[in-house]
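Source file run.txt; content: compact mmCIF, C-alpha atoms.
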# COMPACT_ATOMS: atom_id res chain seq x y z
CA MET W 2 -12.80 -10.37 5.40
CA LYS W 3 -12.28 -7.11 7.27
CA ARG W 4 -8.57 -6.26 7.62
CA LEU W 5 -6.67 -3.65 9.58
CA VAL W 6 -3.16 -2.66 8.53
CA VAL W 7 -1.08 -1.16 11.35
CA LEU W 8 2.09 0.86 10.76
CA ASP W 9 5.04 1.05 13.13
CA SER W 10 7.36 4.04 13.35
CA GLU W 11 9.85 2.69 10.82
CA ALA W 12 7.04 2.12 8.31
CA VAL W 13 5.88 5.70 8.88
CA TYR W 14 9.40 7.09 8.56
CA THR W 15 9.93 5.04 5.40
CA LEU W 16 6.73 6.41 3.86
CA MET W 17 7.73 9.96 4.71
CA THR W 18 11.17 9.55 3.15
CA PRO W 19 11.14 9.01 -0.64
CA ALA W 20 14.90 8.38 -0.62
CA HIS W 21 14.57 5.55 1.90
CA PRO W 22 15.59 2.22 0.33
CA LYS W 23 12.32 0.60 1.50
CA HIS W 24 10.09 3.51 0.45
CA ARG W 25 8.78 1.81 -2.71
CA LYS W 26 8.06 -1.38 -0.79
CA VAL W 27 5.85 0.34 1.78
CA VAL W 28 4.22 2.47 -0.92
CA ALA W 29 3.34 -0.83 -2.65
CA HIS W 30 1.41 -1.94 0.42
CA LEU W 31 -0.61 1.28 0.38
CA GLY W 32 -1.10 0.85 -3.35
CA VAL W 33 -2.70 -2.53 -2.67
CA VAL W 34 -4.93 -0.97 -0.01
CA ALA W 35 -6.09 1.62 -2.56
CA GLN W 36 -6.81 -1.11 -5.12
CA ARG W 37 -8.84 -3.05 -2.57
CA LYS W 38 -10.77 0.00 -1.43
CA ARG W 39 -11.65 0.58 -5.08
CA LYS W 40 -13.28 -2.85 -4.96
CA ALA W 41 -15.07 -1.92 -1.70
CA GLN W 42 -13.14 -4.47 0.32
CA GLU W 43 -13.07 -3.74 4.04
CA ILE W 44 -9.48 -2.66 4.64
CA GLU W 45 -8.19 0.22 6.74
CA VAL W 46 -4.74 1.54 7.58
CA VAL W 47 -4.12 2.95 11.05
CA VAL W 48 -1.23 4.43 12.95
CA PRO W 49 -1.23 4.36 16.74
CA THR W 50 -0.79 7.95 17.88
CA SER W 51 2.25 7.11 20.01
CA VAL W 52 3.85 5.73 16.85
CA ARG W 53 3.21 9.08 15.20
CA VAL W 54 5.03 10.75 18.10
CA GLU W 55 7.99 8.36 17.83
CA ALA W 56 8.19 8.86 14.06
CA CYS W 57 7.80 12.67 14.40
CA TRP W 58 4.75 12.64 12.13
CA ASP W 59 3.13 16.01 12.69
CA ARG W 60 0.15 16.20 10.36
CA ARG W 61 0.46 20.02 10.28
CA GLU W 62 3.91 19.91 8.68
CA SER W 63 4.26 20.31 4.92
CA GLY W 64 6.69 17.39 4.83
CA ALA W 65 3.80 15.12 5.81
CA ALA W 66 1.69 16.09 2.80
CA PHE W 67 1.98 12.75 1.02
CA ILE W 68 1.43 10.49 4.02
CA ASN W 69 -1.42 12.73 5.23
CA ARG W 70 -3.28 12.02 1.99
CA MET W 71 -3.03 8.23 2.26
CA ARG W 72 -6.15 7.85 4.43
CA ILE W 73 -4.19 6.54 7.42
CA ALA W 74 -6.36 6.97 10.50
CA ASP W 75 -5.09 7.62 14.01
CA ALA W 76 -5.57 4.84 16.56
CA PRO W 77 -5.68 7.09 19.64
CA LEU W 78 -4.34 6.14 23.05
CA ILE W 79 -7.72 6.44 24.70
CA SER W 80 -8.23 5.21 28.25
CA ALA W 81 -8.98 1.55 27.46
CA ALA W 82 -6.16 1.32 24.92
CA ALA W 83 -3.81 2.93 27.45
CA ASP W 84 -4.73 0.26 30.00
CA HIS W 85 -3.98 -2.48 27.47
CA ALA W 86 -0.71 -0.81 26.45
CA ALA W 87 0.33 -0.32 30.09
CA ALA W 88 -0.27 -4.01 30.82
CA ILE W 89 1.79 -4.99 27.78
CA ARG W 90 4.63 -2.65 28.75
CA ALA W 91 4.55 -3.93 32.34
CA SER W 92 5.05 -7.50 31.21
CA LEU W 93 7.41 -7.00 28.27
CA ASP W 94 10.48 -4.92 27.62
CA VAL W 95 8.95 -2.98 24.73
CA SER W 96 8.67 0.71 23.89
CA VAL W 97 5.53 2.73 24.55
CA ALA W 98 4.87 2.82 20.81
CA ASP W 99 5.20 -0.96 20.45
CA ALA W 100 2.95 -1.48 23.47
CA HIS W 101 0.38 0.80 21.84
CA ILE W 102 0.68 -1.24 18.61
CA GLY W 103 0.09 -4.39 20.67
CA ALA W 104 -3.00 -2.86 22.26
CA THR W 105 -4.29 -1.77 18.86
CA ILE W 106 -3.87 -5.30 17.50
CA ARG W 107 -5.50 -6.95 20.52
CA ARG W 108 -8.49 -4.63 20.34
CA ALA W 109 -8.96 -5.01 16.58
CA ASP W 110 -12.06 -6.55 15.08
CA GLY W 111 -11.00 -8.77 12.17
CA ALA W 112 -7.69 -9.74 10.59
CA VAL W 113 -4.64 -7.58 11.30
CA THR W 114 -1.43 -6.98 9.36
CA VAL W 115 1.46 -5.02 10.83
CA ILE W 116 4.23 -3.42 8.80
CA THR W 117 7.23 -3.21 11.10
CA SER W 118 11.00 -3.25 11.35
CA ASP W 119 10.80 -5.12 14.65
CA PRO W 120 8.74 -8.28 14.12
CA ASP W 121 9.85 -9.99 17.34
CA ASP W 122 8.72 -7.19 19.64
CA ILE W 123 5.45 -6.78 17.74
CA GLU W 124 4.74 -10.50 17.89
CA ALA W 125 5.32 -10.47 21.63
CA ALA W 126 3.27 -7.32 22.19
CA ALA W 127 0.37 -8.68 20.13
CA SER W 128 0.22 -12.07 21.83
CA PRO W 129 -2.14 -13.93 22.13
CA SER W 130 -3.37 -12.28 18.92
CA ARG W 131 -1.53 -13.55 15.84
CA PRO W 132 -1.33 -10.75 13.30
CA THR W 133 0.26 -11.12 9.90
CA ILE W 134 3.62 -9.43 10.22
CA ILE W 135 5.42 -7.79 7.31
CA SER W 136 9.05 -7.20 8.13
CA ILE W 137 10.73 -4.20 6.52
CA MET O 13 -3.36 20.17 -11.36
CA ALA O 14 -3.65 22.44 -8.30
CA GLY O 15 -7.40 22.55 -8.85
CA LYS O 16 -7.69 18.78 -8.84
CA ARG O 17 -5.49 18.55 -5.76
CA ASP O 18 -7.72 21.04 -3.95
CA VAL O 19 -10.82 19.04 -4.84
CA VAL O 20 -9.24 15.79 -3.68
CA GLY O 21 -8.13 17.52 -0.46
CA ARG O 22 -11.69 18.70 0.18
CA ILE O 23 -13.04 15.20 -0.47
CA SER O 24 -10.52 13.88 2.04
CA GLU O 25 -11.58 16.50 4.61
CA PHE O 26 -15.22 15.50 4.20
CA LEU O 27 -14.28 11.84 4.66
CA ASP O 28 -12.53 12.79 7.92
CA VAL O 29 -15.70 14.24 9.41
CA SER O 30 -16.87 11.78 12.03
CA ASP O 31 -20.24 13.22 13.05
CA ASP O 32 -23.35 11.16 12.43
CA ALA O 33 -25.33 13.88 10.72
CA THR O 34 -27.20 12.49 7.76
CA VAL O 35 -28.94 14.02 4.81
CA GLY O 36 -31.78 12.76 2.68
CA THR O 37 -30.79 12.63 -0.97
CA SER O 38 -32.61 12.47 -4.24
CA MET O 39 -30.02 9.97 -5.51
CA ARG O 40 -31.70 7.43 -7.75
CA ILE O 41 -30.34 3.91 -7.94
CA PRO O 42 -31.55 1.02 -10.08
CA SER O 43 -34.41 -0.78 -8.30
CA ALA O 44 -32.82 -4.20 -8.88
CA LEU O 45 -29.63 -2.96 -7.20
CA ARG O 46 -31.69 -1.73 -4.27
CA GLU O 47 -33.38 -5.13 -4.00
CA ALA O 48 -30.05 -6.95 -4.19
CA ALA O 49 -28.68 -4.77 -1.39
CA ALA O 50 -31.78 -5.34 0.76
CA LEU O 51 -31.44 -9.09 0.28
CA ALA O 52 -27.73 -9.03 1.16
CA VAL O 53 -28.53 -7.13 4.36
CA SER O 54 -31.52 -9.20 5.44
CA GLU O 55 -30.24 -12.65 4.50
CA LEU O 56 -26.46 -12.39 4.65
CA GLN O 57 -26.13 -9.72 7.37
CA VAL O 58 -23.38 -7.97 5.41
CA ALA O 59 -24.29 -4.61 6.98
CA SER O 60 -26.70 -3.19 9.52
CA SER O 61 -28.87 -1.64 6.78
CA THR O 62 -28.91 -0.95 3.06
CA THR O 63 -28.05 2.63 3.88
CA ALA O 64 -24.96 1.50 5.82
CA LEU O 65 -24.00 -0.85 2.99
CA THR O 66 -24.33 1.95 0.44
CA ALA O 67 -22.45 4.47 2.60
CA ASP O 68 -19.61 2.01 3.31
CA ALA O 69 -19.19 1.20 -0.38
CA LEU O 70 -19.28 4.88 -1.32
CA ARG O 71 -16.73 5.76 1.40
CA SER O 72 -14.43 2.99 0.26
CA ARG O 73 -14.59 4.15 -3.37
CA LEU O 74 -13.97 7.78 -2.41
CA GLU O 75 -11.02 6.80 -0.21
CA ALA O 76 -9.56 4.89 -3.15
CA ILE O 77 -9.95 7.98 -5.33
CA VAL O 78 -8.12 10.13 -2.76
CA MET O 79 -5.33 7.58 -2.30
CA GLU O 80 -4.89 7.00 -6.02
CA ALA O 81 -4.69 10.75 -6.66
CA ALA O 82 -2.05 11.11 -3.93
CA LEU O 83 -0.08 8.16 -5.30
CA ALA O 84 -0.26 9.49 -8.88
CA GLU O 85 1.09 12.85 -7.76
CA HIS O 86 3.78 11.16 -5.69
CA TYR O 87 4.88 9.01 -8.65
CA ALA O 88 5.03 12.12 -10.85
CA GLN O 89 7.40 13.73 -8.35
CA HIS O 90 9.31 10.54 -7.50
CA PRO O 91 9.13 8.12 -10.46
CA GLU O 92 11.44 5.70 -8.64
CA ALA O 93 8.78 5.29 -5.93
CA ARG O 94 6.32 3.62 -8.31
CA PRO O 95 6.13 -0.12 -7.55
CA SER O 96 5.92 -2.59 -10.41
CA LEU O 97 2.98 -4.97 -10.79
CA VAL O 98 5.17 -7.74 -9.37
CA GLU O 99 6.02 -5.63 -6.31
CA LEU O 100 2.34 -4.81 -5.82
CA ALA O 101 1.42 -8.49 -6.05
CA ILE O 102 4.10 -9.42 -3.52
CA ALA O 103 2.78 -6.65 -1.25
CA ALA O 104 -0.76 -8.05 -1.62
CA ALA O 105 0.47 -11.52 -0.67
CA GLU O 106 2.35 -10.11 2.33
CA ILE O 107 -0.73 -8.23 3.57
CA ASP O 108 -2.77 -11.44 3.45
CA GLY O 109 -0.03 -13.65 4.89
CA ASN O 110 -0.20 -15.63 1.65
CA PRO O 111 2.75 -18.09 1.36
CA LEU O 112 3.20 -16.95 -2.23
CA ALA O 113 4.90 -13.86 -0.79
CA ALA O 114 7.95 -16.09 -0.37
CA ARG O 115 7.76 -17.25 -3.99
CA PRO O 116 8.53 -14.08 -5.96
CA GLU O 117 9.54 -16.10 -9.02
CA LEU O 118 6.01 -17.55 -9.25
CA ILE O 119 4.48 -14.11 -8.90
CA GLU O 120 6.84 -12.69 -11.50
CA GLU O 121 5.89 -15.40 -13.95
CA ALA O 122 2.18 -14.95 -13.27
CA ALA O 123 2.45 -11.20 -13.76
CA ARG O 124 4.24 -11.66 -17.05
CA GLU O 125 1.58 -14.07 -18.30
CA ILE O 126 -1.50 -12.24 -17.11
CA VAL O 127 -0.61 -8.86 -18.59
CA GLU O 128 -0.42 -10.50 -22.01
CA ARG O 129 -4.15 -11.25 -21.79
CA HIS O 130 -5.22 -8.57 -19.32
CA PRO O 131 -3.01 -5.49 -19.54
CA ASP O 132 -4.93 -3.79 -16.71
CA ALA O 133 -4.59 -6.69 -14.26
CA ASP O 134 -4.10 -5.59 -10.68
CA ALA O 135 -2.10 -7.14 -7.82
CA ASP O 136 -4.89 -9.45 -6.65
CA ALA O 137 -5.47 -10.74 -10.17
CA VAL O 138 -1.78 -11.63 -10.38
CA LEU O 139 -2.03 -13.47 -7.06
CA ILE O 140 -5.05 -15.48 -8.19
CA TRP O 141 -3.23 -16.35 -11.41
CA ALA O 142 -0.13 -17.40 -9.46
CA GLU O 143 -2.21 -19.53 -7.08
CA ALA O 144 -3.93 -21.24 -10.00
CA ARG O 145 -0.59 -21.98 -11.64
CA ALA O 146 0.84 -23.29 -8.37
CA ALA O 147 -2.20 -25.53 -7.82
CA ALA O 148 -2.00 -26.86 -11.37
CA THR O 149 1.61 -27.95 -10.89
CA VAL O 150 0.94 -29.85 -7.65

When written as structure tokens, how does the structure in this file appear?
Amino acid sequence: MKRLVVLDSEAVYTLMTPAHPKHRKVVAHLGVVAQRKRKAQEIEVVVPTSVRVEACWDRRESGAAFINRMRIADAPLISAAADHAAAIRASLDVSVADAHIGATIRRADGAVTVITSDPDDIEAAASPSRPTIISI
Amino acid sequence: MAGKRDVVGRISEFLDVSDDATVGTSMRIPSALREAAALAVSELQVASSTTALTADALRSRLEAIVMEAALAEHYAQHPEARPSLVELAIAAAEIDGNPLAARPELIEEAAREIVERHPDADADAVLIWAEARAAATV
């Protein structure tokens, strides 16, 4: 089954910070993705671009070298995604980044897993989609 | 080491290219494999074409190579960042929403048992082993 793994800003920050207490945990999730890609399973990791902004992930910075190499694709805030995110933000008290995560989940084709420090907001933003939520 | 990193970086850059330009290759594959792929496409609709199926599998394998190289280098610099097999198996269960994620003691036991027979077992193998053990005790 095709699966999309979505990162929130805390997951990104955790990955970029080896001293973070949850760093090894999030690295483990990417390790599993690598193992599954080796077996040609359909699994992708994405980061909504507004999450990158919130987490200060500038791909040009040397401090992002490790995370840049983990094959995490941008989910851009293109026009249709922006409409979805705007509708989510208009109806819920969530951040722009969380609304963008919600839009990314709703527009996904296949199963979705989100790695987040804020499972309640993500669950609300994703509704009626029901992603698998990993709380960090 | 720098040489390998450069090569992996170039592979990653090529994987990032999103244009649809294609190239004919002289790559030879076993004819039975070609037939199996054609059958999977025509009868199981696993991909739009055998070419797409081949390209997807190749991309996936190359992405794994890039990620594994990055992880290996990261572990060399930060040994404490390397997850154990148990942690990887729990991560695999979490990604899938598998209820075993909440049973770390089962996963730990399965990991301990499976590496005795299969030292190279990966996270998914541990999960399958743990599921089999859990089913057997029901």

Residue among O:Glu25, O:Ala123, O:His130, O:Arg17 lying closest to His86 in chain O, counting only C-alpha atoms: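 Closest to His86 in chain O of all the choices is O:Arg17.
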
Distance filter 9 Å, only C-alpha atoms, chain O against chain W, as an MDAnalysis selection string: chainID O and resid 21 24 28 68:83 85:86 90 92:96 99:104 106:109 134:136

Neighbour list for Leu78 in chain W as a list of chain:residue names, cut-off 7 Å, all atoms listed in the file, skip fewer than 4 positions in-chain: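 Neighbouring residues, sequence-local ones excluded: W:Thr50, W:Ala82, W:Ala83.
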
Between CA of Arg107 in chain W and CA of Ala12 in chain W, distance in Å (one decimal):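 Going from CA of Arg107 in chain W over to CA of Ala12 in chain W, I get 19.7 Å.
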
Interatomic distance, CA of His101 in chain W to CA of Asp59 in chain W (Å, one decimal):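 Calculated distance between CA of His101 in chain W and CA of Asp59 in chain W is 18.0 Å.
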
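One finds CA of Leu16 in chain W at 28.8 Å from CA of Ala81 in chain W.
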
Distance query range 32-45 of chain O at most 12 Å, only C-alpha atoms, self and fewer than 4 positions along chain excluded, as a PyMOL selection string: chain O and resi 27-28+49-52+62-67

Since the input lacks some atoms of range 93-114 of chain O, please model N, CA and C atoms and print them as a PDB file, in the coordinates of the input.
ATOM      1  N   ALA O  93       9.614   5.815  -7.023  1.00  0.00           N
ATOM      2  CA  ALA O  93       8.780   5.290  -5.930  1.00  0.00           C
ATOM      3  C   ALA O  93       7.636   4.421  -6.447  1.00  0.00           C
ATOM      4  N   ARG O  94       7.448   4.383  -7.764  1.00  0.00           N
ATOM      5  CA  ARG O  94       6.320   3.620  -8.310  1.00  0.00           C
ATOM      6  C   ARG O  94       6.631   2.119  -8.303  1.00  0.00           C
ATOM      7  N   PRO O  95       5.865   1.324  -7.561  1.00  0.00           N
ATOM      8  CA  PRO O  95       6.130  -0.120  -7.550  1.00  0.00           C
ATOM      9  C   PRO O  95       5.671  -0.775  -8.859  1.00  0.00           C
ATOM     10  N   SER O  96       6.333  -1.835  -9.221  1.00  0.00           N
ATOM     11  CA  SER O  96       5.920  -2.590 -10.410  1.00  0.00           C
ATOM     12  C   SER O  96       4.720  -3.464 -10.040  1.00  0.00           C
ATOM     13  N   LEU O  97       4.108  -4.068 -11.052  1.00  0.00           N
ATOM     14  CA  LEU O  97       2.980  -4.970 -10.790  1.00  0.00           C
ATOM     15  C   LEU O  97       3.433  -6.153  -9.929  1.00  0.00           C
ATOM     16  N   VAL O  98       4.640  -6.628 -10.173  1.00  0.00           N
ATOM     17  CA  VAL O  98       5.170  -7.740  -9.370  1.00  0.00           C
ATOM     18  C   VAL O  98       5.317  -7.304  -7.908  1.00  0.00           C
ATOM     19  N   GLU O  99       5.855  -6.119  -7.694  1.00  0.00           N
ATOM     20  CA  GLU O  99       6.020  -5.630  -6.310  1.00  0.00           C
ATOM     21  C   GLU O  99       4.664  -5.433  -5.634  1.00  0.00           C
ATOM     22  N   LEU O 100       3.687  -4.964  -6.391  1.00  0.00           N
ATOM     23  CA  LEU O 100       2.340  -4.810  -5.820  1.00  0.00           C
ATOM     24  C   LEU O 100       1.750  -6.177  -5.458  1.00  0.00           C
ATOM     25  N   ALA O 101       1.963  -7.150  -6.318  1.00  0.00           N
ATOM     26  CA  ALA O 101       1.420  -8.490  -6.050  1.00  0.00           C
ATOM     27  C   ALA O 101       2.096  -9.117  -4.829  1.00  0.00           C
ATOM     28  N   ILE O 102       3.396  -8.912  -4.708  1.00  0.00           N
ATOM     29  CA  ILE O 102       4.100  -9.420  -3.520  1.00  0.00           C
ATOM     30  C   ILE O 102       3.561  -8.711  -2.269  1.00  0.00           C
ATOM     31  N   ALA O 103       3.340  -7.404  -2.381  1.00  0.00           N
ATOM     32  CA  ALA O 103       2.780  -6.650  -1.250  1.00  0.00           C
ATOM     33  C   ALA O 103       1.403  -7.184  -0.874  1.00  0.00           C
ATOM     34  N   ALA O 104       0.592  -7.498  -1.886  1.00  0.00           N
ATOM     35  CA  ALA O 104      -0.760  -8.050  -1.620  1.00  0.00           C
ATOM     36  C   ALA O 104      -0.650  -9.385  -0.895  1.00  0.00           C
ATOM     37  N   ALA O 105       0.281 -10.219  -1.335  1.00  0.00           N
ATOM     38  CA  ALA O 105       0.470 -11.520  -0.670  1.00  0.00           C
ATOM     39  C   ALA O 105       0.950 -11.317   0.766  1.00  0.00           C
ATOM     40  N   GLU O 106       1.839 -10.367   0.973  1.00  0.00           N
ATOM     41  CA  GLU O 106       2.350 -10.110   2.330  1.00  0.00           C
ATOM     42  C   GLU O 106       1.216  -9.633   3.247  1.00  0.00           C
ATOM     43  N   ILE O 107       0.375  -8.751   2.749  1.00  0.00           N
ATOM     44  CA  ILE O 107      -0.730  -8.230   3.570  1.00  0.00           C
ATOM     45  C   ILE O 107      -1.634  -9.378   4.029  1.00  0.00           C
ATOM     46  N   ASP O 108      -1.866 -10.333   3.132  1.00  0.00           N
ATOM     47  CA  ASP O 108      -2.770 -11.440   3.450  1.00  0.00           C
ATOM     48  C   ASP O 108      -2.088 -12.582   4.197  1.00  0.00           C
ATOM     49  N   GLY O 109      -0.753 -12.516   4.313  1.00  0.00           N
ATOM     50  CA  GLY O 109      -0.030 -13.650   4.890  1.00  0.00           C
ATOM     51  C   GLY O 109      -0.052 -14.848   3.952  1.00  0.00           C
ATOM     52  N   ASN O 110      -0.157 -14.568   2.669  1.00  0.00           N
ATOM     53  CA  ASN O 110      -0.200 -15.630   1.650  1.00  0.00           C
ATOM     54  C   ASN O 110       1.222 -16.177   1.445  1.00  0.00           C
ATOM     55  N   PRO O 111       1.404 -17.516   1.521  1.00  0.00           N
ATOM     56  CA  PRO O 111       2.750 -18.090   1.360  1.00  0.00           C
ATOM     57  C   PRO O 111       3.421 -17.736   0.038  1.00  0.00           C
ATOM     58  N   LEU O 112       2.615 -17.334  -0.952  1.00  0.00           N
ATOM     59  CA  LEU O 112       3.200 -16.950  -2.230  1.00  0.00           C
ATOM     60  C   LEU O 112       4.144 -15.743  -2.099  1.00  0.00           C
ATOM     61  N   ALA O 113       4.014 -15.013  -0.998  1.00  0.00           N
ATOM     62  CA  ALA O 113       4.900 -13.860  -0.790  1.00  0.00           C
ATOM     63  C   ALA O 113       6.364 -14.303  -0.785  1.00  0.00           C
ATOM     64  N   ALA O 114       6.577 -15.556  -0.402  1.00  0.00           N
ATOM     65  CA  ALA O 114       7.950 -16.090  -0.370  1.00  0.00           C
ATOM     66  C   ALA O 114       8.346 -16.744  -1.685  1.00  0.00           C
TER      67      ALA O 114
END
